[in-house]
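Chemist: Just passing along the structure, written as structure tokens.
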Amino acid sequence: MSKPLVIVESPSKVKSIKKYLGKEYDVTSSKGHIADLPKSVLGVDVENKFEPTYEVTKKKTVQDLKKSFKDKDTLILAVDPDREGEAIGWHVAKRLGVLTKSGKVKKGFDLKRIVFTSITKDAVQDAINHPREIDMNLVNAQQARRVLDRLVGYKLSPLLWKKIRFGLSAGRVQSVAVRLIVEREEERDAFIPDEYWKIKAALNEDDNGNTNVHIIEKDTEEGIDVGNLSGILFELQQISGKKAELARRKDVEAILDSVSSKRWIISNVTKKQVTRNPKPPFTTSTLQQTASGWLGFSAKRTMMAAQKLYEQGHITYMRTDSTNLSKEAVSAIRLVIEREFGKKSIPAKPKYYATKAKVAQEAHEAIRPSDSSKKASDLGLEGDQYKLYDLIRQRAMASQMIEATLESMKLEVVVDNYLFGANGQRIVTKGYLAVYPEKVSETILPELEKGKELFAHDVIGSQHFTQPPARYSEASLIKILESYGIGRPSTYVPILSTIQTRKYVEKEGRYFIPTDTGKIVTRLLVDNFSNVVDYEFTASMENNLDEIANGKLDWVKMMDEFYDPFDKQIAKKDSEIDRTTYTILDEAPDDIICPDCKGKMDIKLGRYGKFYSCKKWPDCKGILSLDGKTQEEIEAEARSKEFLEVYKPAPKTDDGRDYLLKQGRYGRFWAHPDYPKVKDAQPLDYSEEVFNKIYGEVPKSEDGKDMVLRKGRFGEFWAHPDYPKKKEVVRINKKELAEKKQEVLSDYSYSA
């Protein structure tokens, strides 16, 4: 009798699964998805129940799978426990000839689907003993998402090409994410800061016989470090029983004059104990958000580390929206807590958290260690995996510990009709904070009684201005998407990646800012397809996909209800939208004049950024770069003495023609003379003199060769000439390099 063939997704899981199942099974990998919709055509038959046409994307892998399955009759699918995994398993079974066209198992074959959420011996063996059939509800939910996204993208994108420029794309969820970022930027642009003032008093038990009065204005050099003042810092909180709201300096000066010479006597002392409860164990989104804030990880970096931890059997499956922990896991965690922190750290009853998961089949466990007794150091982990495992373990353990107890204390002083207050806080019982170090600000106030007189050494009035809403970081964008019900555990990282790859947003530090392209595309979509980029609509589509996964909604019916009105809307808007509405950003300043007809100009958005275009376009084709230069003037720069002191001369084509100097979104670059018909662009290279001043001596590789300067995701670096075959690199400090470039280039008269 032939051995059953077990198929997992990742090659890195094969060894572990094989070890746990023993010699009675053969184990191999599909290496992820093996089939998808075709790239060059729609691939969806909208006239025939939205029947998708799939093509094999990994022909060599499929050949290897067929070879492994030859002469076997039992196929066991051990792919990941989510919709994507279910669809991968279904495609594998179809390509190996185990399923008929109608989806039934062919006679003579045995098809089993096994599910485990942690790669441990017990979990894998339990799964092999409890197989099930392929869940077509999950498969259909994945198919529906793929088909829906394909239809939206393939129908909307060509419209963007016609109305804005070629190469743009729209996506069902990505466009909503960009809209959030664009609208936040619009809020910031429209924000008008309001002035407000605070009054603080540094009160002491000793009388130094003098009260210093300070006025601190935000835009002046005058200032004082309030944090370094001696005494207890009180702040004005109420005026005549109402919240203190001060908007003018003269009001502040009047209060300072009134209170600075008065007696400061404690009128009230209040103490109370408050509890802080532990948070649930991690879901995918809360792990990404917390790893961003605590570890500085991007969502992609977090998931790469989590994937490796899962494949090595150290944590449970990392794509989940469940906060549930199994009873066995809770019992094991409680034992570890008792051993490490004592029995007093465990609540009388285990804690269970309500999950937000909408799909029962996917509401597995939260992310937790496979064995909570093991610390990161016990497992020999390093780098990102060490840090992330430590965080996951801390959160899982904290979720089963007692709450932290804090004592808050408030002192109040009433001077005339002005109430000043000082707030303090200290930890009484650490509880879960012993393992999960959330930031708790401790301000210890002295034990003072009502009626105690204090003395003002310093009284300060400080000017402030309200701040605009913060831009979205990866963590806050994931949080807002989740709050709207948009996206699912497996989609957050692709969303963030797509909107950056397509140049709709850029990062400024940790925060997203929309590009001009992102703003224009969003404006077109909101103006003309508000339903498609509507937050509630997008969330409702996600809910529909969940309903399909639960078997409560037919996916073809959902597509029918969406597609027909959407297709008609595309046709209607194609004839209505005026192209100039979404390519003209603004009018050019009055001093910018068309080089051809001397008329007025507009600021337009092109493929490589903003430029000036004649208002009479297309009758007049006059254009200027944003620095007011014509293309002829820019090309003349390339021949100037000043340019050639800083940069090497223009490269040449195979037939001896010079490349042309062009202005792009990020500055000057060399373009093929037949550009953009010939899509060949090259960066400017520094002259030998400037290069040596900036980069210094070229380092040597271990085998004595000159290293080569390369540019990667994190900046420039030196690499072995045979890189990436030989992974020998020398890092260059990004900040120091930027400072060096600025220093060197400041000595030259030309700047690109």
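Chain labels follow the order of the structure tokens: the first chain is A, the next B, and so on; residue numbering restarts at 1 in every chain, and ligands are counted from 1 in their shown order.
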Find the residues near Ala719 in chain A: any atom within 6 Å, counting only C-alpha atoms, skip ones fewer than 4 places away on the same chain, and give them as an MDAnalysis selection string.
Modeler: chainID A and resid 707:708 728:729
Chemist: Can you spit out the residues from that selection as a JSON list (two decimals), in the first residue's frame, using C-alpha atoms?
Modeler:
```
[["chain", "number", "residue", "atom", "x", "y", "z"],
["A", 707, "MET", "CA", 33.48, 46.87, -3.88],
["A", 708, "VAL", "CA", 30.61, 48.44, -5.82],
["A", 728, "GLU", "CA", 29.52, 40.66, 1.42],
["A", 729, "VAL", "CA", 28.46, 44.24, 2.17]]
```
Chemist: Could you give me, as a short mmCIF file (atom, residue, chain, number, x, y, z; two decimals) with N, CA and C atoms, in the first residue's frame, the residues within 10 Å of Ala35 in chain A, counting only C-alpha atoms and dropping anything in the same chain fewer than 4 positions from it?
Modeler:
```
data_model
loop_
_atom_site.label_atom_id
_atom_site.label_comp_id
_atom_site.auth_asym_id
_atom_site.auth_seq_id
_atom_site.Cartn_x
_atom_site.Cartn_y
_atom_site.Cartn_z
N THR A 53 -11.17 31.80 -14.63
CA THR A 53 -10.24 30.94 -15.37
C THR A 53 -8.89 31.04 -14.68
N TYR A 54 -8.44 29.94 -14.15
CA TYR A 54 -7.15 29.94 -13.45
C TYR A 54 -6.05 29.39 -14.35
N GLU A 55 -4.85 29.92 -14.14
CA GLU A 55 -3.69 29.35 -14.83
C GLU A 55 -2.63 29.02 -13.79
N VAL A 56 -1.86 27.99 -14.09
CA VAL A 56 -0.80 27.56 -13.17
C VAL A 56 0.29 28.62 -13.14
N THR A 57 0.66 29.05 -11.95
CA THR A 57 1.70 30.07 -11.81
C THR A 57 3.05 29.46 -11.45
N LYS A 58 3.04 28.19 -11.00
CA LYS A 58 4.29 27.51 -10.65
C LYS A 58 4.32 26.14 -11.32
N LYS A 59 4.67 26.16 -12.60
CA LYS A 59 4.62 24.92 -13.39
C LYS A 59 5.58 23.86 -12.86
N VAL A 62 4.14 22.28 -9.73
CA VAL A 62 3.04 21.35 -10.04
C VAL A 62 3.59 20.05 -10.62
N ALA A 87 -8.07 27.55 -0.23
CA ALA A 87 -8.07 27.68 -1.69
C ALA A 87 -6.83 27.03 -2.30
N ILE A 88 -5.69 27.18 -1.64
CA ILE A 88 -4.46 26.54 -2.13
C ILE A 88 -4.65 25.03 -2.18
N HIS A 91 -6.93 24.01 -5.09
CA HIS A 91 -6.22 24.07 -6.38
C HIS A 91 -5.25 22.90 -6.54
N VAL A 92 -4.56 22.55 -5.47
CA VAL A 92 -3.62 21.42 -5.52
C VAL A 92 -4.37 20.13 -5.85
N ARG A 95 -5.37 20.09 -9.52
CA ARG A 95 -4.25 19.90 -10.44
C ARG A 95 -3.67 18.49 -10.36
#
```
Chemist: Residues at most 6 Å from range 323-332 of chain A, counting only C-alpha atoms, excluding those fewer than 6 positions away in the same chain, as a ChimeraX atom specification?
Modeler: /A:281,355,365-366
Chemist: Pick the closest to Thr211 in chain A from A:Ala141, A:Ile315, A:Val459, A:Val744: which is it, counting only C-alpha atoms?
Modeler: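 Result for the nearest residue to Thr211 in chain A: A:Val459.
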Chemist: Would you please work out which residue, of A:Lys573, A:Arg172, A:Lys677, A:His672, is nearest to Thr498 in chain A when using only C-alpha atoms?
Modeler: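 For Thr498 in chain A, the nearest of the given residues is A:Arg172.
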